[in-house]
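Structure file model_28.txt (compact mmCIF, C-alpha atoms and all ligand atoms) is printed below.
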# COMPACT_ATOMS: atom_id res chain seq x y z
CA MET A 1 -14.77 -10.62 -138.79
CA THR A 2 -14.60 -13.87 -136.91
CA GLU A 3 -17.51 -15.02 -134.75
CA ARG A 4 -15.04 -15.99 -132.05
CA VAL A 5 -13.84 -12.41 -131.63
CA ARG A 6 -17.41 -11.15 -131.38
CA ALA A 7 -18.26 -13.85 -128.81
CA GLN A 8 -15.20 -12.92 -126.73
CA TYR A 9 -16.17 -9.26 -126.48
CA GLU A 10 -19.81 -10.20 -125.87
CA ALA A 11 -18.74 -12.32 -122.88
CA TYR A 12 -15.86 -10.09 -121.76
CA PRO A 13 -16.52 -6.47 -122.77
CA TYR A 14 -13.21 -4.65 -122.80
CA PRO A 15 -12.03 -2.85 -120.81
CA PRO A 16 -14.38 -3.58 -117.87
CA ARG A 17 -16.12 -0.36 -116.79
CA ASP A 18 -18.82 0.63 -114.31
CA ALA A 19 -21.05 3.49 -115.46
CA ARG A 20 -21.37 4.76 -111.86
CA ASP A 21 -17.69 5.75 -111.93
CA GLU A 22 -18.54 8.52 -114.40
CA ALA A 23 -19.71 10.56 -111.41
CA LYS A 24 -16.13 10.48 -110.05
CA ARG A 25 -13.83 10.91 -113.03
CA LEU A 26 -13.43 11.26 -116.79
CA ILE A 27 -10.96 8.77 -118.26
CA GLU A 28 -8.72 10.68 -120.67
CA GLY A 29 -6.00 9.28 -122.90
CA SER A 30 -4.73 8.85 -126.44
CA PRO A 31 -5.72 8.72 -129.18
CA SER A 32 -8.68 11.08 -129.52
CA HIS A 33 -8.10 13.69 -126.84
CA LEU A 34 -9.59 16.79 -128.47
CA LEU A 35 -6.41 18.85 -127.99
CA GLU A 36 -4.40 16.17 -129.80
CA ILE A 37 -6.94 15.88 -132.62
CA ASN A 38 -6.90 19.63 -133.23
CA HIS A 39 -3.10 19.81 -133.07
CA TYR A 40 -2.18 16.79 -135.18
CA VAL A 41 -5.06 16.49 -137.64
CA PHE A 42 -6.24 20.07 -138.12
CA GLY A 43 -3.07 22.15 -137.74
CA GLY A 44 -4.57 23.59 -134.54
CA GLY A 45 -7.13 25.43 -136.67
CA ARG A 46 -10.35 23.44 -136.38
CA ASP A 47 -13.37 25.58 -135.51
CA PHE A 48 -15.37 23.45 -133.11
CA ARG A 49 -18.35 25.79 -133.39
CA GLN A 50 -18.93 24.04 -136.71
CA PRO A 51 -20.45 20.53 -137.00
CA PHE A 52 -17.96 17.73 -136.35
CA ARG A 53 -18.67 14.10 -137.31
CA VAL A 54 -16.77 11.32 -135.57
CA LEU A 55 -16.74 7.57 -136.13
CA ILE A 56 -15.61 5.40 -133.23
CA ALA A 57 -14.85 2.09 -134.91
CA GLY A 58 -14.79 -0.72 -132.34
CA GLY A 59 -15.62 1.54 -129.41
CA GLY A 60 -15.69 -1.24 -126.80
CA THR A 61 -16.91 -0.09 -123.39
CA GLY A 62 -16.42 3.50 -124.42
CA ASP A 63 -13.28 5.13 -123.01
CA GLY A 64 -12.51 7.01 -126.24
CA THR A 65 -16.17 7.62 -127.05
CA ILE A 66 -17.01 9.12 -123.66
CA MET A 67 -13.85 11.25 -123.51
CA LEU A 68 -14.34 12.76 -126.95
CA ALA A 69 -18.10 13.16 -126.59
CA GLN A 70 -17.51 15.00 -123.31
CA HIS A 71 -14.75 17.21 -124.75
CA LEU A 72 -16.96 18.17 -127.70
CA ALA A 73 -19.98 18.79 -125.45
CA ASP A 74 -17.83 20.98 -123.17
CA ARG A 75 -16.89 23.07 -126.21
CA GLY A 76 -20.54 23.37 -127.22
CA CYS A 77 -19.67 21.72 -130.53
CA PRO A 78 -22.60 20.54 -132.66
CA ALA A 79 -21.00 17.12 -132.95
CA GLU A 80 -22.25 13.68 -133.85
CA LEU A 81 -20.26 10.65 -132.73
CA VAL A 82 -21.19 7.32 -134.25
CA TYR A 83 -20.19 4.49 -131.94
CA LEU A 84 -19.83 1.14 -133.70
CA ASP A 85 -19.03 -2.21 -132.12
CA VAL A 86 -19.91 -5.84 -132.75
CA SER A 87 -20.46 -6.46 -129.03
CA ALA A 88 -23.93 -5.57 -127.74
CA SER A 89 -22.78 -5.98 -124.14
CA ALA A 90 -19.95 -3.45 -124.67
CA ARG A 91 -22.49 -1.06 -126.19
CA ALA A 92 -24.80 -1.42 -123.16
CA ILE A 93 -21.94 -0.27 -120.93
CA VAL A 94 -21.01 2.79 -122.99
CA GLU A 95 -24.70 3.73 -123.31
CA ALA A 96 -25.01 3.67 -119.52
CA ARG A 97 -21.83 5.76 -119.19
CA ALA A 98 -23.16 8.33 -121.66
CA GLN A 99 -26.46 8.47 -119.77
CA GLN A 100 -24.65 9.11 -116.48
CA ARG A 101 -23.03 12.13 -118.11
CA ASN A 102 -26.14 13.31 -119.95
CA LEU A 103 -24.27 13.08 -123.23
CA THR A 104 -26.65 13.29 -126.15
CA ASN A 105 -24.16 13.56 -129.01
CA ILE A 106 -23.55 9.82 -129.52
CA ARG A 107 -25.41 7.49 -131.89
CA PHE A 108 -24.94 3.84 -130.91
CA MET A 109 -24.78 1.03 -133.44
CA THR A 110 -24.11 -2.69 -133.06
CA ALA A 111 -22.36 -3.60 -136.30
CA SER A 112 -19.02 -4.53 -137.80
CA LEU A 113 -16.80 -1.79 -139.16
CA LEU A 114 -16.39 -4.09 -142.15
CA ASP A 115 -20.05 -3.41 -142.97
CA LEU A 116 -19.55 0.38 -143.14
CA PRO A 117 -19.89 0.47 -146.94
CA THR A 118 -23.50 -0.73 -146.60
CA LEU A 119 -24.47 1.33 -143.55
CA ALA A 120 -24.77 4.67 -145.41
CA LEU A 121 -23.38 6.72 -142.53
CA GLY A 122 -21.75 9.40 -144.69
CA LEU A 123 -18.24 10.79 -144.30
CA PHE A 124 -16.47 11.66 -141.05
CA ASP A 125 -14.12 14.44 -139.93
CA TYR A 126 -12.39 12.08 -137.55
CA VAL A 127 -12.19 8.32 -137.08
CA ASP A 128 -11.03 6.64 -133.87
CA CYS A 129 -9.95 3.03 -134.12
CA CYS A 130 -8.19 2.07 -130.92
CA GLY A 131 -7.12 -1.50 -130.29
CA VAL A 132 -9.27 -2.99 -133.05
CA LEU A 133 -7.35 -3.33 -136.33
CA HIS A 134 -5.00 -5.95 -134.87
CA HIS A 135 -8.05 -8.13 -134.11
CA LEU A 136 -9.32 -8.17 -137.71
CA PRO A 137 -8.55 -11.10 -140.01
CA ASP A 138 -7.36 -8.55 -142.60
CA PRO A 139 -6.35 -5.28 -140.87
CA ALA A 140 -5.43 -3.60 -144.18
CA ALA A 141 -8.91 -4.29 -145.59
CA GLY A 142 -10.45 -2.88 -142.37
CA LEU A 143 -8.32 0.26 -142.49
CA ALA A 144 -9.12 0.79 -146.18
CA ILE A 145 -12.83 0.72 -145.29
CA LEU A 146 -12.26 3.32 -142.55
CA ALA A 147 -10.17 5.50 -144.90
CA ALA A 148 -13.03 5.45 -147.41
CA ALA A 149 -15.32 6.89 -144.72
CA LEU A 150 -12.94 9.79 -143.97
CA LYS A 151 -13.33 13.31 -145.40
CA ASP A 152 -10.31 14.49 -147.41
CA ASP A 153 -9.40 17.03 -144.73
CA GLY A 154 -10.13 14.67 -141.83
CA GLY A 155 -7.89 12.36 -139.86
CA MET A 156 -7.67 9.23 -137.77
CA GLY A 157 -6.40 8.23 -134.35
CA LEU A 158 -5.21 4.63 -134.29
CA MET A 159 -3.81 2.25 -131.75
CA VAL A 160 -2.31 -1.14 -132.55
CA TYR A 161 -0.24 -3.50 -130.46
CA GLY A 162 3.53 -3.04 -130.49
CA ALA A 163 5.54 -6.16 -131.36
CA LEU A 164 8.61 -5.68 -129.15
CA GLY A 165 6.82 -4.54 -126.00
CA ARG A 166 4.54 -7.59 -126.19
CA THR A 167 7.46 -9.99 -126.23
CA GLY A 168 6.26 -13.16 -124.53
CA VAL A 169 2.54 -12.70 -125.21
CA TYR A 170 2.54 -14.69 -128.42
CA HIS A 171 4.56 -17.52 -126.89
CA LEU A 172 1.85 -18.04 -124.29
CA GLN A 173 -0.94 -17.55 -126.82
CA ALA A 174 0.66 -20.33 -128.91
CA ILE A 175 0.83 -22.67 -125.91
CA LEU A 176 -2.76 -21.99 -124.87
CA SER A 177 -4.21 -22.26 -128.34
CA ARG A 178 -2.62 -25.72 -128.56
CA LEU A 179 -3.65 -26.87 -125.07
CA ALA A 180 -6.93 -25.08 -124.42
CA ALA A 181 -8.53 -24.15 -127.75
CA ASP A 182 -11.57 -26.40 -127.53
CA GLU A 183 -12.47 -25.75 -123.89
CA ALA A 184 -15.22 -23.50 -122.56
CA ASP A 185 -14.15 -19.96 -121.63
CA THR A 186 -13.99 -20.62 -117.89
CA ALA A 187 -11.81 -23.70 -118.43
CA ARG A 188 -9.53 -21.74 -120.75
CA LEU A 189 -9.14 -19.00 -118.15
CA ASP A 190 -8.36 -21.64 -115.55
CA LEU A 191 -5.70 -23.23 -117.77
CA ALA A 192 -4.16 -19.81 -118.47
CA ARG A 193 -3.89 -19.14 -114.74
CA ARG A 194 -2.29 -22.56 -114.16
CA LEU A 195 0.20 -21.88 -116.90
CA LEU A 196 1.13 -18.48 -115.46
CA LYS A 197 1.94 -20.14 -112.12
CA GLN A 198 4.23 -22.65 -113.81
CA LEU A 199 6.29 -20.41 -116.07
CA PRO A 200 10.01 -21.01 -115.80
CA PRO A 201 11.95 -17.83 -115.03
CA THR A 202 13.53 -17.97 -118.49
CA ASN A 203 10.16 -17.68 -120.23
CA TRP A 204 9.89 -14.40 -122.19
CA PHE A 205 6.48 -13.54 -120.74
CA ALA A 206 7.83 -14.09 -117.22
CA ARG A 207 10.75 -11.84 -118.12
CA ASN A 208 8.58 -9.01 -119.39
CA PRO A 209 7.47 -7.08 -116.29
CA PHE A 210 5.45 -4.54 -118.27
CA LEU A 211 2.66 -6.90 -119.29
CA ARG A 212 0.10 -6.44 -116.51
CA ASP A 213 -3.40 -6.81 -117.99
CA HIS A 214 -3.73 -10.37 -116.66
CA LEU A 215 -3.13 -8.96 -113.16
CA ASN A 216 -4.95 -5.62 -113.37
CA VAL A 217 -7.95 -6.17 -115.64
CA GLY A 218 -9.54 -9.38 -114.29
CA ASP A 219 -10.89 -12.14 -116.54
CA ALA A 220 -11.39 -9.74 -119.44
CA GLY A 221 -7.72 -8.71 -119.25
CA LEU A 222 -6.43 -12.26 -119.00
CA TYR A 223 -8.62 -13.39 -121.89
CA ASP A 224 -7.66 -10.44 -124.05
CA LEU A 225 -3.95 -10.89 -123.41
CA LEU A 226 -3.45 -14.65 -123.61
CA LEU A 227 -6.55 -16.31 -125.07
CA HIS A 228 -7.43 -14.06 -127.98
CA SER A 229 -8.24 -15.92 -131.18
CA GLN A 230 -7.26 -13.08 -133.53
CA ASP A 231 -4.37 -10.94 -132.43
CA ARG A 232 -1.22 -9.61 -134.02
CA ALA A 233 1.29 -6.89 -133.22
CA TYR A 234 3.17 -4.35 -135.32
CA THR A 235 6.62 -2.85 -135.50
CA VAL A 236 6.80 0.82 -136.55
CA PRO A 237 7.69 -0.05 -140.19
CA GLU A 238 4.83 -2.56 -140.30
CA LEU A 239 2.42 0.04 -138.95
CA ALA A 240 3.68 2.62 -141.46
CA ALA A 241 3.12 0.11 -144.29
CA LEU A 242 -0.38 -0.68 -143.01
CA VAL A 243 -1.29 3.02 -142.86
CA ALA A 244 0.23 3.69 -146.30
CA SER A 245 -1.74 0.79 -147.78
CA ALA A 246 -4.92 2.78 -147.07
CA GLY A 247 -3.59 5.96 -148.76
CA LEU A 248 -2.83 7.54 -145.38
CA ALA A 249 0.36 8.73 -143.70
CA ILE A 250 1.39 8.74 -140.05
CA ILE A 251 1.78 12.33 -138.89
CA GLY A 252 2.36 11.80 -135.19
CA LEU A 253 3.28 8.97 -132.84
CA ILE A 254 2.26 9.28 -129.20
CA GLU A 255 4.17 9.97 -127.02
CA PRO A 256 6.71 11.56 -129.37
CA TRP A 257 9.69 11.30 -126.98
CA ARG A 258 9.39 7.52 -126.96
CA TYR A 259 9.88 7.49 -130.74
CA ASP A 260 13.04 9.62 -130.72
CA PRO A 261 16.43 7.85 -130.56
CA ALA A 262 17.81 10.93 -128.78
CA SER A 263 15.68 9.98 -125.76
CA TYR A 264 17.80 6.84 -125.36
CA LEU A 265 21.27 7.75 -126.68
CA ASN A 266 23.73 10.50 -125.95
CA ASP A 267 26.72 9.31 -127.97
CA GLY A 268 27.40 11.99 -130.58
CA ALA A 269 28.57 9.60 -133.32
CA LEU A 270 25.44 7.45 -132.99
CA LEU A 271 23.10 10.44 -132.74
CA LYS A 272 24.64 12.04 -135.83
CA ARG A 273 23.85 8.92 -137.84
CA CYS A 274 20.33 8.75 -136.43
CA SER A 275 19.69 12.35 -137.40
CA SER A 276 20.26 11.50 -141.05
CA LEU A 277 17.33 9.06 -140.95
CA ASP A 278 13.83 10.15 -141.85
CA ARG A 279 11.13 10.61 -139.19
CA LEU A 280 9.68 7.10 -139.36
CA GLU A 281 13.11 5.47 -139.59
CA ARG A 282 14.08 7.31 -136.42
CA ALA A 283 10.88 6.08 -134.79
CA ALA A 284 11.71 2.52 -135.86
CA MET A 285 15.20 2.95 -134.40
CA ALA A 286 13.75 4.20 -131.11
CA GLU A 287 11.40 1.22 -130.96
CA LEU A 288 14.33 -1.18 -131.43
CA LEU A 289 16.36 0.65 -128.80
CA ALA A 290 13.66 0.91 -126.15
CA GLY A 291 12.10 -2.51 -126.64
CA ASN A 292 9.21 -1.56 -124.32
CA LEU A 293 6.56 -0.12 -126.67
CA LYS A 294 3.55 -2.35 -126.01
CA VAL A 295 1.26 -0.30 -128.22
CA HIS A 296 1.65 2.20 -131.02
CA ILE A 297 -0.69 5.18 -130.95
CA CYS A 298 -0.65 7.39 -134.00
CA TYR A 299 -2.49 10.05 -135.90
CA ALA A 300 -2.87 9.66 -139.65
CA VAL A 301 -4.29 11.76 -142.46
CA LYS A 302 -4.68 11.28 -146.19
CA ALA A 303 -1.17 11.14 -147.62
CA ALA A 304 -1.71 14.22 -149.82
CA ARG A 305 -1.95 16.54 -146.83
CA ALA A 306 0.55 14.87 -144.51
CA ALA A 307 3.06 17.72 -144.79
CA THR A 308 0.62 20.39 -143.60
CA ALA A 309 -1.61 18.64 -141.07
CA VAL A 310 0.33 19.15 -137.82
CA ALA A 311 0.36 22.53 -136.05
CA GLN A 312 3.79 24.21 -135.97
CA PRO A 313 5.20 26.41 -133.21
CA GLN A 314 6.73 29.05 -135.52
CA ASP A 315 3.55 31.09 -135.91
CA PRO A 316 3.12 33.85 -133.27
CA ALA A 317 -0.66 33.67 -133.67
CA MET A 318 -0.68 30.13 -132.27
CA ILE A 319 -2.08 29.59 -128.79
CA PRO A 320 -0.20 27.07 -126.68
CA VAL A 321 -2.52 24.82 -124.71
CA LEU A 322 -1.54 22.55 -121.85
CA ARG A 323 -3.23 19.20 -121.40
CA ASP A 324 -3.51 19.71 -117.66
CA GLY A 325 -4.94 23.22 -117.70
CA SER A 326 -2.90 26.35 -117.19
CA GLY A 327 0.88 26.48 -116.87
CA GLY A 328 1.10 27.96 -113.39
CA GLU A 329 1.38 24.58 -111.70
CA SER A 330 4.09 23.28 -114.07
CA ALA A 331 5.99 26.55 -113.73
CA LYS A 332 5.97 26.69 -109.95
CA ASP A 333 9.02 24.61 -109.23
CA LEU A 334 11.01 25.35 -112.37
CA ARG A 335 14.39 27.00 -111.97
CA PRO A 336 16.44 28.38 -114.86
CA GLY A 337 18.35 25.47 -116.38
CA GLY A 338 15.73 23.00 -115.13
CA THR A 339 14.76 19.71 -116.69
CA LEU A 340 11.62 17.71 -117.27
CA THR A 341 11.62 13.99 -116.53
CA ALA A 342 9.56 11.54 -118.58
CA ARG A 343 9.01 7.94 -117.51
CA ALA A 344 7.55 4.95 -119.27
CA GLU A 345 7.75 1.26 -118.61
CA GLY A 346 11.10 1.00 -116.89
CA PHE A 347 12.81 3.88 -118.68
CA GLU A 348 13.36 7.46 -117.61
CA ALA A 349 14.60 10.36 -119.73
CA ARG A 350 15.45 13.93 -118.75
CA PHE A 351 14.98 16.86 -121.10
CA ALA A 352 16.65 20.25 -120.74
CA LEU A 353 14.29 23.23 -120.62
CA PRO A 354 15.08 26.74 -121.84
CA ARG A 355 16.16 29.42 -119.40
CA ARG A 356 12.79 31.17 -119.30
CA ALA A 357 10.67 27.97 -119.21
CA GLY A 358 9.08 29.01 -115.90
CA PRO A 359 7.94 32.53 -116.89
CA ILE A 360 6.67 31.29 -120.29
CA LEU A 361 4.75 28.39 -118.76
CA ALA A 362 3.25 30.65 -116.11
CA ARG A 363 1.65 32.74 -118.88
CA ILE A 364 0.16 29.82 -120.81
CA ASP A 365 -3.57 29.77 -120.11
CA GLY A 366 -5.00 28.31 -123.33
CA ARG A 367 -6.22 31.76 -124.44
CA ARG A 368 -3.10 33.85 -124.93
CA SER A 369 -1.22 33.56 -128.22
CA LEU A 370 2.55 33.36 -128.50
CA ALA A 371 2.54 37.02 -129.53
CA ASP A 372 0.59 37.92 -126.36
CA ILE A 373 2.92 35.91 -124.15
CA HIS A 374 5.97 37.46 -125.75
CA GLY A 375 4.45 40.93 -125.32
CA ASP A 376 3.98 40.25 -121.62
CA LEU A 377 7.50 38.95 -121.07
CA ALA A 378 9.09 41.71 -123.15
CA ALA A 379 7.22 44.35 -121.12
CA ASP A 380 8.54 42.80 -117.87
CA ASP A 381 12.03 42.85 -119.32
CA GLY A 382 12.04 46.48 -120.49
CA GLY A 383 11.74 45.31 -124.13
CA ARG A 384 15.10 43.48 -124.15
CA PHE A 385 13.61 40.00 -124.77
CA ASP A 386 13.15 40.21 -128.53
CA ARG A 387 10.69 38.18 -130.61
CA ARG A 388 13.35 35.94 -132.17
CA ALA A 389 14.88 35.00 -128.81
CA PHE A 390 11.41 34.33 -127.40
CA MET A 391 10.44 32.08 -130.32
CA GLU A 392 13.67 30.13 -129.91
CA GLU A 393 13.03 29.58 -126.22
CA PHE A 394 9.38 28.74 -126.82
CA SER A 395 10.32 26.23 -129.56
CA GLN A 396 12.64 24.44 -127.17
CA LEU A 397 9.99 24.41 -124.44
CA PHE A 398 7.39 23.22 -126.92
CA ARG A 399 9.64 20.42 -128.24
CA VAL A 400 9.94 19.01 -124.73
CA PHE A 401 6.35 19.51 -123.53
CA ASN A 402 4.87 18.27 -126.81
CA ALA A 403 7.21 15.27 -126.77
CA VAL A 404 5.78 14.22 -123.41
CA ASN A 405 2.25 14.89 -124.68
CA LYS A 406 1.58 17.85 -122.41
CA MET A 407 1.45 20.79 -124.83
CA PHE A 408 -0.40 21.39 -128.08
CA LEU A 409 -1.14 24.33 -130.35
CA SER A 410 -4.44 25.87 -131.30
CA ARG A 411 -5.49 28.84 -133.42
CA ASP A 412 -8.75 29.38 -131.67
CA ASN A 413 -9.62 30.08 -128.07
CA ASN A 414 -13.33 29.33 -128.34
C1 LIG A 501 -9.72 -4.24 -127.25
S1 LIG A 501 -11.31 -3.60 -127.48
C2 LIG A 501 -10.98 -1.87 -127.62
C3 LIG A 501 -12.15 -1.02 -127.26
C4 LIG A 501 -11.95 0.49 -127.32
N1 LIG A 501 -11.65 0.95 -128.66
C5 LIG A 501 -10.88 0.92 -126.35
O1 LIG A 501 -9.78 1.28 -126.81
O2 LIG A 501 -11.13 0.93 -125.13
C6 LIG A 501 -11.68 -4.07 -129.14
C7 LIG A 501 -13.15 -3.81 -129.53
O3 LIG A 501 -13.27 -3.95 -130.95
C8 LIG A 501 -14.50 -4.57 -131.22
N2 LIG A 501 -14.41 -5.16 -132.56
C9 LIG A 501 -13.65 -6.19 -132.98
N3 LIG A 501 -13.86 -6.41 -134.29
C10 LIG A 501 -14.74 -5.47 -134.72
C11 LIG A 501 -15.33 -5.17 -135.96
N4 LIG A 501 -15.07 -5.88 -137.05
N5 LIG A 501 -16.19 -4.14 -136.03
C12 LIG A 501 -16.51 -3.41 -134.92
N6 LIG A 501 -15.98 -3.67 -133.71
C13 LIG A 501 -15.11 -4.69 -133.61
C14 LIG A 501 -14.66 -5.56 -130.10
O4 LIG A 501 -15.99 -5.99 -129.93
C15 LIG A 501 -14.11 -4.79 -128.91
O5 LIG A 501 -15.13 -4.10 -128.23
Output the structure of this file as structure tokens.
Amino acid sequence: MTERVRAQYEAYPYPPRDARDEAKRLIEGSPSHLLEINHYVFGGGRDFRQPFRVLIAGGGTGDGTIMLAQHLADRGCPAELVYLDVSASARAIVEARAQQRNLTNIRFMTASLLDLPTLALGLFDYVDCCGVLHHLPDPAAGLAILAAALKDDGGMGLMVYGALGRTGVYHLQAILSRLAADEADTARLDLARRLLKQLPPTNWFARNPFLRDHLNVGDAGLYDLLLHSQDRAYTVPELAALVASAGLAIIGLIEPWRYDPASYLNDGALLKRCSSLDRLERAAMAELLAGNLKVHICYAVKAARAATAVAQPQDPAMIPVLRDGSGGESAKDLRPGGTLTARAEGFEARFALPRRAGPILARIDGRRSLADIHGDLAADDGGRFDRRAFMEEFSQLFRVFNAVNKMFLSRDNN
């Protein structure tokens, strides 16, 4: 790794966090939400009563670490999370956050993920590497090292920058690296701010309204966005090639609806041609269509088990689980023939829900299986709502709610 990258994150731990805020809220997101991990990596069937080893590679100020450590503690899982980062100041922040929450399942290490082969940490069930690979001089070498630390039946949650959504960033990085490379950090930040004030309206950064870190995340955000010394972005095919180079396969892209051409098109002739593409080609097509994917978040497992890793909604023993708790709230305002609206960075899509979306959602509590829910609905309906019709309606509901990252499947209600 380059010394410059380490020095940046030492001076500007990212993202800025205040441990006292842990008393008010838990920051949750992707990758590495426990419901997502179980659904995508373990077919919904992971038993979290058993030991679970996690590596957080480049954990920064700890958003992913704290979320997952808290989720595992809430489940009473005998888990060990190993937090690794080259920045000691970032580590100090996540340690303080963990202390605020009385989390005792994290081991903190200040080290490079590139040194993993010499650290003798053993193998992991799950590896989180969020926003780090694109800052390595050789991301493929870094990912190969992480893959070597992964158990055969484990999986990874990754985030890398998206090339199209970051249109404009690299133009300004090029200008600033030419004009401000040898200055001290404060002078570089000052020059970046001056440049932002002077951008002509035709500049691609000025024309990309979805890049906000320089406005919302203070000096650390401005530095990270425009002054980074080691930063690249990926298209979907480039990410797929990176993941494949480590013997892994992408099994899920988050949020799924954003990677589906059908979210953007309704012309039958175009959609028919898109449907003949494979899953990753469709995702690449969606990226080209939308143009607004600033990051790519994915789950990956060893290629040999890619076909079986993700939980499927066809099994009546599966328990549907909603990210935001029980389904009563989502069901409240749903009418037969209703839709669900998804929004992201300037785009809005509407998805049709099945006729009985409301009654099904109202019965989802994270404990009842599909068979239980069907039994309930069939009883209300004098037995007329048969299993096949229920599974069809549930599959449609699941497709939509999973696509917007709200519903997952689990085999266990512990
Ligand atoms: C953009 S931050 C992301 C932090 C965190 N994963 C998150 O998503 O909030 C990137 C982090 O990767 C760390 N990092 C960069 N290169 C690293 C390396 N070779 N080994 C370990 N950490 C590294 C940096 O110090 C920084 O904290």
**Request:** Rank A:Gln396, A:Ser89, A:Asn402, A:Gln173 by their smallest atom-to-atom distance to Leu195 (chain A), using only C-alpha atoms, and report the top residue only.
**Result:**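 Among the listed residues, the smallest separation from Leu195 (chain A) belongs to A:Gln173.
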**Fill in**
Atom pair CA of Asp219 (chain A) + CA of Tyr83 (chain A), distance 24.5 Å
**Message:** Would you pick out the contacts of region 183-190 of chain A at 12 Å or less, using all atoms listed in the file, so that residues sharing its chain but fewer than 2 positions from it are not included, and give the list as a ChimeraX atom specification?
**Reply:** /A:4,7-9,11-12,173,175-181,192-197,214,218-229
Please give the centre and size of the box around ligand LIG 501 (chain A) (axis-aligned, containing every atom listed in the file, 4 Å added per side), with values in Å to one decimal and written as JSON.
{"center_x": -13.1, "center_y": -2.6, "center_z": -131.1, "size_x": 14.8, "size_y": 15.7, "size_z": 19.9}
**Selection within 8 Å of ligand LIG 501 (chain A) by all atoms listed in the file, output as a VMD selection string** = chain A and resid 1 to 2 5 to 6 8 to 10 13 to 15 56 to 64 84 to 87 90 110 to 115 128 to 133 135 to 136 142 159 224
**Asked** With only C-alpha atoms as the basis for distance, which of A:Met318, A:Val82, A:Leu340, A:Ala262 is at the shortest distance from Phe394 (chain A)?
**Response**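 Between A:Met318, A:Val82, A:Leu340, A:Ala262, the residue approaching Phe394 (chain A) most closely is A:Met318.
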**Asked** CA of Glu95 (chain A) and CA of Glu80 (chain A), how far apart in Å?
**Response** 14.7 Å
**Asked** When distances are computed from only C-alpha atoms, which of A:Val236, A:Val301, A:Val295, A:Ala317 shows the smallest separation from Ala283 (chain A)?
**Response**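 Using only C-alpha atoms, Ala283 (chain A) sits closest to A:Val236.
We find CA of Glu255 (chain A) and CA of Ile297 (chain A) to be spaced 7.9 Å apart.
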**Request:** Return the single residue from A:Leu270, A:Ala379, A:Leu242, A:Leu164 that is closest to Leu288 (chain A), with distances computed using all atoms listed in the file.
**Result:**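 Checking each candidate against Leu288 (chain A), we get A:Leu164 as the closest.
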Could you complete region 129-140 of chain A so that it carries N, CA and C atoms, and give it back as a short mmCIF file (atom, residue, chain, number, x, y, z; two decimals), keeping the file's coordinate frame?
data_model
loop_
_atom_site.label_atom_id
_atom_site.label_comp_id
_atom_site.auth_asym_id
_atom_site.auth_seq_id
_atom_site.Cartn_x
_atom_site.Cartn_y
_atom_site.Cartn_z
N CYS A 129 -9.95 4.49 -134.07
CA CYS A 129 -9.95 3.03 -134.12
C CYS A 129 -8.82 2.55 -133.21
N CYS A 130 -9.18 2.30 -131.98
CA CYS A 130 -8.19 2.07 -130.92
C CYS A 130 -8.25 0.61 -130.47
N GLY A 131 -7.19 -0.11 -130.76
CA GLY A 131 -7.12 -1.50 -130.29
C GLY A 131 -8.04 -2.45 -131.03
N VAL A 132 -8.29 -2.18 -132.29
CA VAL A 132 -9.27 -2.99 -133.05
C VAL A 132 -8.65 -3.61 -134.31
N LEU A 133 -7.87 -2.82 -135.04
CA LEU A 133 -7.35 -3.33 -136.33
C LEU A 133 -6.59 -4.63 -136.16
N HIS A 134 -5.81 -4.74 -135.06
CA HIS A 134 -5.00 -5.95 -134.87
C HIS A 134 -5.84 -7.17 -134.52
N HIS A 135 -7.16 -6.99 -134.36
CA HIS A 135 -8.05 -8.13 -134.11
C HIS A 135 -8.86 -8.50 -135.36
N LEU A 136 -8.59 -7.84 -136.48
CA LEU A 136 -9.32 -8.17 -137.71
C LEU A 136 -8.55 -9.22 -138.48
N PRO A 137 -9.25 -10.11 -139.20
CA PRO A 137 -8.55 -11.10 -140.01
C PRO A 137 -7.68 -10.43 -141.08
N ASP A 138 -8.13 -9.28 -141.59
CA ASP A 138 -7.36 -8.55 -142.60
C ASP A 138 -7.34 -7.06 -142.21
N PRO A 139 -6.37 -6.67 -141.36
CA PRO A 139 -6.35 -5.28 -140.87
C PRO A 139 -6.28 -4.26 -142.01
N ALA A 140 -5.55 -4.57 -143.08
CA ALA A 140 -5.43 -3.60 -144.18
C ALA A 140 -6.79 -3.37 -144.84
#
